[in-house]
Amino acid sequence: QVQLVESGGGLVQAGGSLRLSCAASGRTFSSYDMGWFRQAPGKEREFVAAISWRGISSYYADSVKGRFTISRDNAKNTVYLQMISLKPEDTAVYYCAADRRTVSTRVVNFREGKKYDSWGQGTQVTVSS
């Protein structure tokens, strides 16, 4: 499994922007599908965005489409989540997740948490109104 460390969270006013980063250990990062999830207080974890191992395909939750952009730099073993036009409802702990694309997980929908076998500790994003 890969080790994941998120950074870039913080407090921002509504309408503001943040860029989250997720640094991964190991030499095989470029073969992992990557995802971002979030969990707000009292709510279940939800899918935010995902990107395929080669960066060709990306997926977004309807609630963030057009405002968030996921990208990856395989040379730096890092995946990013650029967030603009932030809203108070975006407040949550954001988690990075990695799928090493086993025979069973590579066919699981990117939006499902069970696809991913490595998770970071999370970074807090708070959007004030």
# chains A, B, ... in the order shown; residues from 1 in each chain; ligands from 1
$ residues_around --residues "A:Glu6" --least-positions-apart "6" --cutoff "8 Å" --atoms "only C-alpha atoms" --output "list of chain:residue names"
A:Leu20, A:Ser21, A:Cys22, A:Ala23, A:Tyr95, A:Cys96, A:Gly120, A:Gln121, A:Gly122, A:Thr123
$ write_last_selection --atoms "all heavy atoms" --output "tab-separated table (two decimals), in the first residue's frame"
chain	number	residue	atom	x	y	z
A	20	LEU	N	-5.66	21.69	-2.67
A	20	LEU	CA	-5.22	20.59	-1.84
A	20	LEU	C	-4.19	19.76	-2.59
A	20	LEU	O	-4.28	19.60	-3.81
A	20	LEU	CB	-6.40	19.70	-1.44
A	20	LEU	CG	-7.58	20.39	-0.75
A	20	LEU	CD1	-8.61	19.34	-0.36
A	20	LEU	CD2	-7.14	21.21	0.43
A	21	SER	N	-3.23	19.24	-1.83
A	21	SER	CA	-2.23	18.35	-2.39
A	21	SER	C	-2.24	17.04	-1.62
A	21	SER	O	-2.54	17.01	-0.43
A	21	SER	CB	-0.83	18.97	-2.30
A	21	SER	OG	-0.75	20.19	-3.01
A	22	CYS	N	-1.90	15.99	-2.31
A	22	CYS	CA	-1.78	14.68	-1.69
A	22	CYS	C	-0.49	14.05	-2.18
A	22	CYS	O	-0.38	13.71	-3.37
A	22	CYS	CB	-2.98	13.81	-2.04
A	22	CYS	SG	-2.83	12.10	-1.48
A	23	ALA	N	0.47	13.95	-1.29
A	23	ALA	CA	1.77	13.38	-1.63
A	23	ALA	C	1.78	11.90	-1.29
A	23	ALA	O	1.38	11.50	-0.19
A	23	ALA	CB	2.87	14.10	-0.88
A	95	TYR	N	-10.21	13.84	2.18
A	95	TYR	CA	-9.33	12.69	2.21
A	95	TYR	C	-8.89	12.32	0.79
A	95	TYR	O	-9.70	12.29	-0.13
A	95	TYR	CB	-10.04	11.49	2.81
A	95	TYR	CG	-10.45	11.67	4.25
A	95	TYR	CD1	-11.71	12.14	4.57
A	95	TYR	CD2	-9.57	11.36	5.29
A	95	TYR	CE1	-12.09	12.31	5.90
A	95	TYR	CE2	-9.94	11.52	6.61
A	95	TYR	CZ	-11.20	11.99	6.91
A	95	TYR	OH	-11.58	12.15	8.21
A	96	CYS	N	-7.63	11.99	0.70
A	96	CYS	CA	-7.07	11.47	-0.52
A	96	CYS	C	-7.09	9.94	-0.44
A	96	CYS	O	-6.88	9.38	0.65
A	96	CYS	CB	-5.64	11.99	-0.66
A	96	CYS	SG	-4.70	11.35	-2.03
A	120	GLY	N	-5.46	8.72	3.16
A	120	GLY	CA	-4.70	9.66	3.96
A	120	GLY	C	-5.43	10.00	5.25
A	120	GLY	O	-6.53	9.51	5.51
A	121	GLN	N	-4.80	10.84	6.05
A	121	GLN	CA	-5.36	11.24	7.34
A	121	GLN	C	-6.38	12.37	7.21
A	121	GLN	O	-7.15	12.62	8.13
A	121	GLN	CB	-4.24	11.67	8.29
A	121	GLN	CG	-3.31	10.54	8.67
A	121	GLN	CD	-4.03	9.43	9.40
A	121	GLN	OE1	-4.72	9.68	10.39
A	121	GLN	NE2	-3.91	8.20	8.91
A	122	GLY	N	-6.36	13.05	6.12
A	122	GLY	CA	-7.34	14.11	5.89
A	122	GLY	C	-6.81	15.49	6.18
A	122	GLY	O	-5.88	15.67	6.97
A	123	THR	N	-7.41	16.48	5.53
A	123	THR	CA	-7.08	17.87	5.77
A	123	THR	C	-8.40	18.65	5.86
A	123	THR	O	-9.31	18.45	5.07
A	123	THR	CB	-6.16	18.43	4.67
A	123	THR	OG1	-5.76	19.77	5.01
A	123	THR	CG2	-6.82	18.43	3.30
$ residues_around --residues "stretch 64-80 of chain A" --least-positions-apart "4" --cutoff "12 Å" --atoms "only C-alpha atoms" --output "MDAnalysis selection string"
chainID A and resid 2:9 15:38 46:60 84:87 89:90 94:98
$ residues_around --residues "A:Asp117" --least-positions-apart "3" --cutoff "10 Å" --atoms "only C-alpha atoms" --output "PyMOL selection string"
chain A and resi 1-2+97-102+105+113-114
$ atom_distance --atom1 "atom CA of A:Glu44" --atom2 "atom CA of A:Ala92"
10.6 Å
$ atom_distance --atom1 "atom CA of A:Pro88" --atom2 "atom CA of A:Tyr116"
27.2 Å
$ atom_distance --atom1 "atom CA of A:Thr126" --atom2 "atom CA of A:Asn109"
28.2 Å
